[in-house]
Amino acid sequence: MELFLERLISGLTNGSIYALLALALVVVFRGTGTLNFAQGELALFTTFVAWWLTTQSIPVWIAIVAALVLGFVMGALIERTLIRPVQRRNDMAVLIVALGLFTGLNSLAGLLWGSETKIMPSPFPNGLDDYVSIGGARLYFDALGVWGALIVLMFLMTLLFKKTKIGLHMRAVADNPESATLAGVRTSRVLAIGWGLSGAIGALAGVLVTPLAPQQLGLTTMFSIFIAASAAALFGGLDSLVGAIVGGLVIGVLEAMLTGYISIIGGSLQQTSALIIIVAILFVRPNGLFGTQKLVRV
Amino acid sequence: MTTIDTPEKTVAPRPSRTPKPRRRIVVEGSAKHRGIQALSALLVVLFLLWAASQPLFRVGQFTNVFIIAIAIVGLNLVTGYTGLLSIGHSAFFGLGAYTTGILITKYEFAPMSTIPVAVVLSFVVGLAVGLPSLRIKGLYLALVTLAVGVSFPEIVRRAEDLTGGATGLVIRSRFLAPPEWTGLVRAERGIWMFWLSAVTLMLVMLLARFLVRSRFGLAMMASRDHEIAAAANGVNVARTKILAFGISGAITGLAGSLFAQYIGALSPDGSFTLLKSIELVTGLVLGGIATQIGPVVGAFAVVFLPYYTASFTSGPLSGVVFGALLIAIVFVMPEGIVGRLTLLSRKVVTFLPADHPSRRKGERPPEEPT
Amino acid sequence: MTLLTIEDLHAGYGPSDVLHGLSMTVEAGEVVVVLGANGAGKTTTMRAIAGLIGRRGTIELDGVPLGRRPEQVVGSGISLVPQGRGTLGQLSVLDNLLVGAALRTDKDGVQADIDRWCEVFPVLGRRQGQLAGSLSGGEQQMLAVARALMSRPRLLLCDEPSLGLAPIVVQELFATLSEINKTDGTALMIVEQNAELAMDLASRVYLLDVGTIAATGTPADFRADDAVRAAYLGY
């Protein structure tokens, strides 16, 4: 029983990370209709910056906030300078630019800080004794911290989209940019904010994932997380926040259970499992499990 | 009618047309055209002969270029002509390579005879990867290919017994000796691989050209440009996409097979990771999407760029350069180098098909509009 | 007092212009109808005023040059009801209206306006929480008009409001527009291909042809001219 609980806990924790990154993906998709392929690497880059700050004797929490701010700024800048000019042309152009960012950011991180794995300090108490016992299983504080971060973010996002003016405008721009513009919404600003927000959320996912063992900070850390997050986002058809969160948690738990109980799979085949999940979902529901049917006029 | 007034319509005067320099017309199939083709062929042969005479290290580099070019020709079919971005082609490359490697070391196949197996296997896997395109749109499909590309090294690492896992697979050079009919000795396998790759590249390019100009090629491009219109006109879009993936995978798998024979040592984290996929896409975009010579130009760039940038710093700089390059191309030259050259050449020369209506009637050939 | 003055307007898409020196005026509180065949440039004119496309020439509102960006245009008091309605389908009816008030900061005023338009268009009141995309064509048209009115414009531009609507619905719509024009003094510029109904509201009519104004007059003049009537009014 306690093994099951431990797996569940581990699954929920990983799942929270997937959910966080998936949220970032959904925010961008709702605003611009594209998937930000470079989301994972942007998160990686900002996390590297956070790590570097901690090596300069800056406290972890401040480093994390700095990473969030940097994520916001970079996200907005990228949208303004790289994505918007190209969006009008065609979908593949945007994908290729994102691909370029993917490689560029990853390699830049390696160039600036080297490719050896780094130890990112955890913002939560991380010692061997820092846990709570539930049904015999250990719930470590840092796992609890990750769950907490997800819950807080979920709350903030719901507040943002449902109750604030800017949230309404973001939804309007995502729905029909021209109508929003005609109503006086400053569409360009809204788009930049959307990407900025997404960059910040991604940064949060990045700094939270790395302290969790066995993940330490390396150049390939975010690959598998990005894939799992994409699968999670697809749960909601890329435009449902709830779907992304549910998807992330489900994928995290599924992975933990599969790797725990079926030893053939083992940790390193999680990407393939995520792949299969993606394909399966899209086959059955091309618009995602929670997604809304979009009519395409010919 | 009391108050309706009709003001003069002012239409901006048409700008005067400066007489344009008369463009040269070359009719396809004419003596002039054949002459140009023969000259090009001669230049290619001369280049190959020159390249083959270079020091062994350079010969190896050129061989690498040819192999990558073959891989990019494959990618071009599915991404350039069918419009499906694939960032997982490194998996086909690796599949071809490991098939050859395993067949040679474990089952003692002759190297050349592993090639058909690698091609067929890659074709089948390509079909499987293309299968989701039945229901999944471009963006999502790209995600699927990403996952495929990332899974491949994992699977290789897992299947240790077969592939040697993370430590890799070494093909002893005695297995890679040139076939007897060439008259070359084992030490000359570099030259053998050079010519084998060059010839294979040319054959593959001819095949691609034939494919693109066929009805299937039309179906590919129709699916890319306007899926719904294509379907409305009877194109079986799903089948086209799946087949395109299959053929594309097969060609890139072929490149992988040659690569194994060229390099002799395979490791999952060496040349079969996501970075390889990105290299292939970069080469394709830089050379020119949906052009016939673009893959070759792109391959040259992709192989030689890291070589020259490596002299500045270690490894990751090439990644930064590729990334920056990809972005720059989309902004500055989305049609790629070959695309841009083609556009420029159109100002100077027009190639007319032999059965163009103006020729049949004996009229003047058409001037292109401004 | 002339509300809107357009002088020598040139606008288009890409290298070629659609409008070649268009000039027209709208008086405060007036209803102006713009007729023209397909391709004449009616929608282009609206989009140029609204700031969606670039333009050359002068547009003045109350003698002051009009801004070129959409948010400036809306801020100055001109609102466009686009062709095809431009409904924000995934948002609720209420949210659609709130988006229309994007530039307003007076919460109470906004709420009062929402209540008012839900009264004027009862169907909106009934379906406030519903997804706008699930409304019928006529209902969406009313929503589009209400949305545009949320910014309290002094001039409302309507691009083919009757498109795709049943005649009875169109009648109702124009009756409501006429009401609003009389009560609030909101000037209307209505663009229509076949504008028999719209002409009942209008005090002046412009005929747009190949990018310029070909003729202008009162509705009576237009109805009296057989050629114009046959060509543009359909009888």
# chains A, B, ... in the order shown; residues from 1 in each chain; ligands from 1

call {"tool": "residues_around", "arguments": {"residues": "C:Gln140", "least_positions_apart": "3", "cutoff": "12 Å", "atoms": "only C-alpha atoms", "output": "JSON, numbers by chain"}}
result
{"C": [81, 82, 83, 84, 85, 86, 87, 88, 89, 92, 93, 96, 97, 121, 123, 124, 127, 130, 131, 132, 133, 134, 135, 136, 137, 143, 144, 145, 146, 147, 161, 162, 163, 164, 165, 169, 173]}

call {"tool": "residues_around", "arguments": {"residues": "stretch 75-78 of chain B", "least_positions_apart": "5", "cutoff": "9 Å", "atoms": "only C-alpha atoms", "output": "list in words"}}
result
Ile70, Gly83, Leu84, Leu85, Ser86, His89, Ala208, Val212, Gly217, Met220, Lys241, Ala244, Phe245, Gly246, Ile247, Ser248, Gly249, Ile251, Thr252, Leu280, Val281, Leu284, Ile289, Ala290, Thr291, Gln292, Gly294 and Pro295 of chain B

call {"tool": "atom_distance", "arguments": {"atom1": "atom CA of C:Asp184", "atom2": "atom CA of C:Arg204"}}
result
19.1 Å

call {"tool": "closest_atom_pairs", "arguments": {"of": "chain C", "to": "chain B", "cutoff": "10 Å", "atoms": "only C-alpha atoms", "output": "CSV"}}
result
residue,atom,partner,partner_atom,distance
C:Asp8,CA,B:Thr10,CA,9.9
C:Asp17,CA,B:Ala12,CA,9.6
C:Leu19,CA,B:Val11,CA,9.6
C:His20,CA,B:Val11,CA,6.3
C:Gly21,CA,B:Thr10,CA,6.9
C:Leu22,CA,B:Lys9,CA,9.4
C:Val205,CA,B:Ile4,CA,9.9
C:Tyr206,CA,B:Ile4,CA,9.5
C:Leu207,CA,B:Thr6,CA,9.6
C:Asp209,CA,B:Lys9,CA,9.2
C:Val210,CA,B:Lys9,CA,8.8
C:Gly211,CA,B:Lys9,CA,8.7
C:Thr212,CA,B:Lys9,CA,6.6
C:Ile213,CA,B:Pro7,CA,7.4
C:Ala214,CA,B:Thr6,CA,5.2
C:Ala215,CA,B:Thr6,CA,5.0
C:Thr216,CA,B:Ile4,CA,5.3
C:Gly217,CA,B:Ile4,CA,5.3
C:Thr218,CA,B:Thr3,CA,7.8
C:Ala220,CA,B:Met1,CA,9.6
C:Asp221,CA,B:Met1,CA,6.3
C:Phe222,CA,B:Ile4,CA,8.1
C:Arg223,CA,B:Met1,CA,10.0
C:Ala224,CA,B:Met1,CA,7.2
C:Asp225,CA,B:Met1,CA,6.5
C:Asp226,CA,B:Met1,CA,9.9

call {"tool": "interface_residues", "arguments": {"of": "chain A", "to": "chain C", "cutoff": "8 Å", "atoms": "only C-alpha atoms", "output": "VMD selection string"}}
result
chain A and resid 165 168 to 169 171 to 172 175 to 176 178 to 186

call {"tool": "select_by_dssp", "arguments": {"residues": "stretch 25-198 of chain A", "states": "helix (DSSP H, G or I)", "output": "number ranges by chain"}}
result
A: 25-32, 39-55, 60-87, 91-113, 141-163, 165-175, 177-182, 187-198

call {"tool": "interface_residues", "arguments": {"of": "chain B", "to": "chain A", "cutoff": "6 Å", "atoms": "only C-alpha atoms", "output": "ChimeraX atom specification"}}
result
/B:147,151,316,319-320,323,326-327

call {"tool": "select_by_dssp", "arguments": {"residues": "stretch 18-263 of chain A", "states": "strand (DSSP E)", "output": "count of residues only"}}
result
8

call {"tool": "residues_around", "arguments": {"residues": "stretch 223-228 of chain B", "least_positions_apart": "5", "cutoff": "9 Å", "atoms": "only C-alpha atoms", "output": "list in words"}}
result
Val298 of chain A; Thr79, Gly80, Tyr81, Thr82, Gly83, Leu84, Leu218, Asn233, Val235, Asn236, Val237, Ala238, Thr240 and Lys241 of chain B

call {"tool": "closest_residue", "arguments": {"among": "B:Ala118, B:Val199, B:Ser267, B:Ile67", "to": "B:Glu160", "atoms": "only C-alpha atoms"}}
result
B:Ser267

call {"tool": "residues_around", "arguments": {"residues": "A:Trp61", "least_positions_apart": "4", "cutoff": "12 Å", "atoms": "only C-alpha atoms", "output": "JSON, numbers by chain"}}
result
{"A": [50, 51, 53, 54, 57, 65, 66, 67, 68, 120, 121, 122, 123, 124, 204, 207, 208]}

call {"tool": "closest_atom_pairs", "arguments": {"of": "stretch 174-280 of chain B", "to": "stretch 90-102 of chain B", "cutoff": "10 Å", "atoms": "only C-alpha atoms", "output": "JSON lines"}}
result
{"residue": "B:Ser248", "atom": "CA", "partner": "B:Phe92", "partner_atom": "CA", "distance": 9.0}
{"residue": "B:Gly249", "atom": "CA", "partner": "B:Phe92", "partner_atom": "CA", "distance": 5.7}
{"residue": "B:Ala250", "atom": "CA", "partner": "B:Phe92", "partner_atom": "CA", "distance": 7.5}
{"residue": "B:Ile251", "atom": "CA", "partner": "B:Phe92", "partner_atom": "CA", "distance": 8.7}
{"residue": "B:Thr252", "atom": "CA", "partner": "B:Phe93", "partner_atom": "CA", "distance": 5.4}
{"residue": "B:Gly253", "atom": "CA", "partner": "B:Gly96", "partner_atom": "CA", "distance": 4.2}
{"residue": "B:Leu254", "atom": "CA", "partner": "B:Gly96", "partner_atom": "CA", "distance": 6.0}
{"residue": "B:Ala255", "atom": "CA", "partner": "B:Phe93", "partner_atom": "CA", "distance": 6.4}
{"residue": "B:Gly256", "atom": "CA", "partner": "B:Phe93", "partner_atom": "CA", "distance": 4.3}
{"residue": "B:Ser257", "atom": "CA", "partner": "B:Ala97", "partner_atom": "CA", "distance": 4.3}
{"residue": "B:Leu258", "atom": "CA", "partner": "B:Ala97", "partner_atom": "CA", "distance": 7.2}
{"residue": "B:Phe259", "atom": "CA", "partner": "B:Ala97", "partner_atom": "CA", "distance": 6.3}
{"residue": "B:Ala260", "atom": "CA", "partner": "B:Ala97", "partner_atom": "CA", "distance": 4.8}
{"residue": "B:Gln261", "atom": "CA", "partner": "B:Thr100", "partner_atom": "CA", "distance": 7.7}
{"residue": "B:Tyr262", "atom": "CA", "partner": "B:Ala97", "partner_atom": "CA", "distance": 9.9}
{"residue": "B:Ile263", "atom": "CA", "partner": "B:Ala97", "partner_atom": "CA", "distance": 9.8}
{"residue": "B:Gly264", "atom": "CA", "partner": "B:Gly101", "partner_atom": "CA", "distance": 8.0}
{"residue": "B:Ala265", "atom": "CA", "partner": "B:Gly101", "partner_atom": "CA", "distance": 8.4}
{"residue": "B:Leu266", "atom": "CA", "partner": "B:Tyr98", "partner_atom": "CA", "distance": 7.4}
{"residue": "B:Ser267", "atom": "CA", "partner": "B:Tyr98", "partner_atom": "CA", "distance": 9.1}
{"residue": "B:Pro268", "atom": "CA", "partner": "B:Gly94", "partner_atom": "CA", "distance": 8.0}
{"residue": "B:Gly270", "atom": "CA", "partner": "B:Gly94", "partner_atom": "CA", "distance": 10.0}
{"residue": "B:Ser271", "atom": "CA", "partner": "B:Gly94", "partner_atom": "CA", "distance": 7.7}
{"residue": "B:Phe272", "atom": "CA", "partner": "B:Ser90", "partner_atom": "CA", "distance": 5.3}
{"residue": "B:Thr273", "atom": "CA", "partner": "B:Ser90", "partner_atom": "CA", "distance": 6.3}
{"residue": "B:Leu274", "atom": "CA", "partner": "B:Ser90", "partner_atom": "CA", "distance": 6.6}
{"residue": "B:Leu275", "atom": "CA", "partner": "B:Ser90", "partner_atom": "CA", "distance": 8.1}
{"residue": "B:Lys276", "atom": "CA", "partner": "B:Ser90", "partner_atom": "CA", "distance": 5.6}
{"residue": "B:Ser277", "atom": "CA", "partner": "B:Ser90", "partner_atom": "CA", "distance": 4.7}
{"residue": "B:Ile278", "atom": "CA", "partner": "B:Ser90", "partner_atom": "CA", "distance": 8.5}
{"residue": "B:Glu279", "atom": "CA", "partner": "B:Ser90", "partner_atom": "CA", "distance": 9.2}
{"residue": "B:Leu280", "atom": "CA", "partner": "B:Ser90", "partner_atom": "CA", "distance": 8.1}
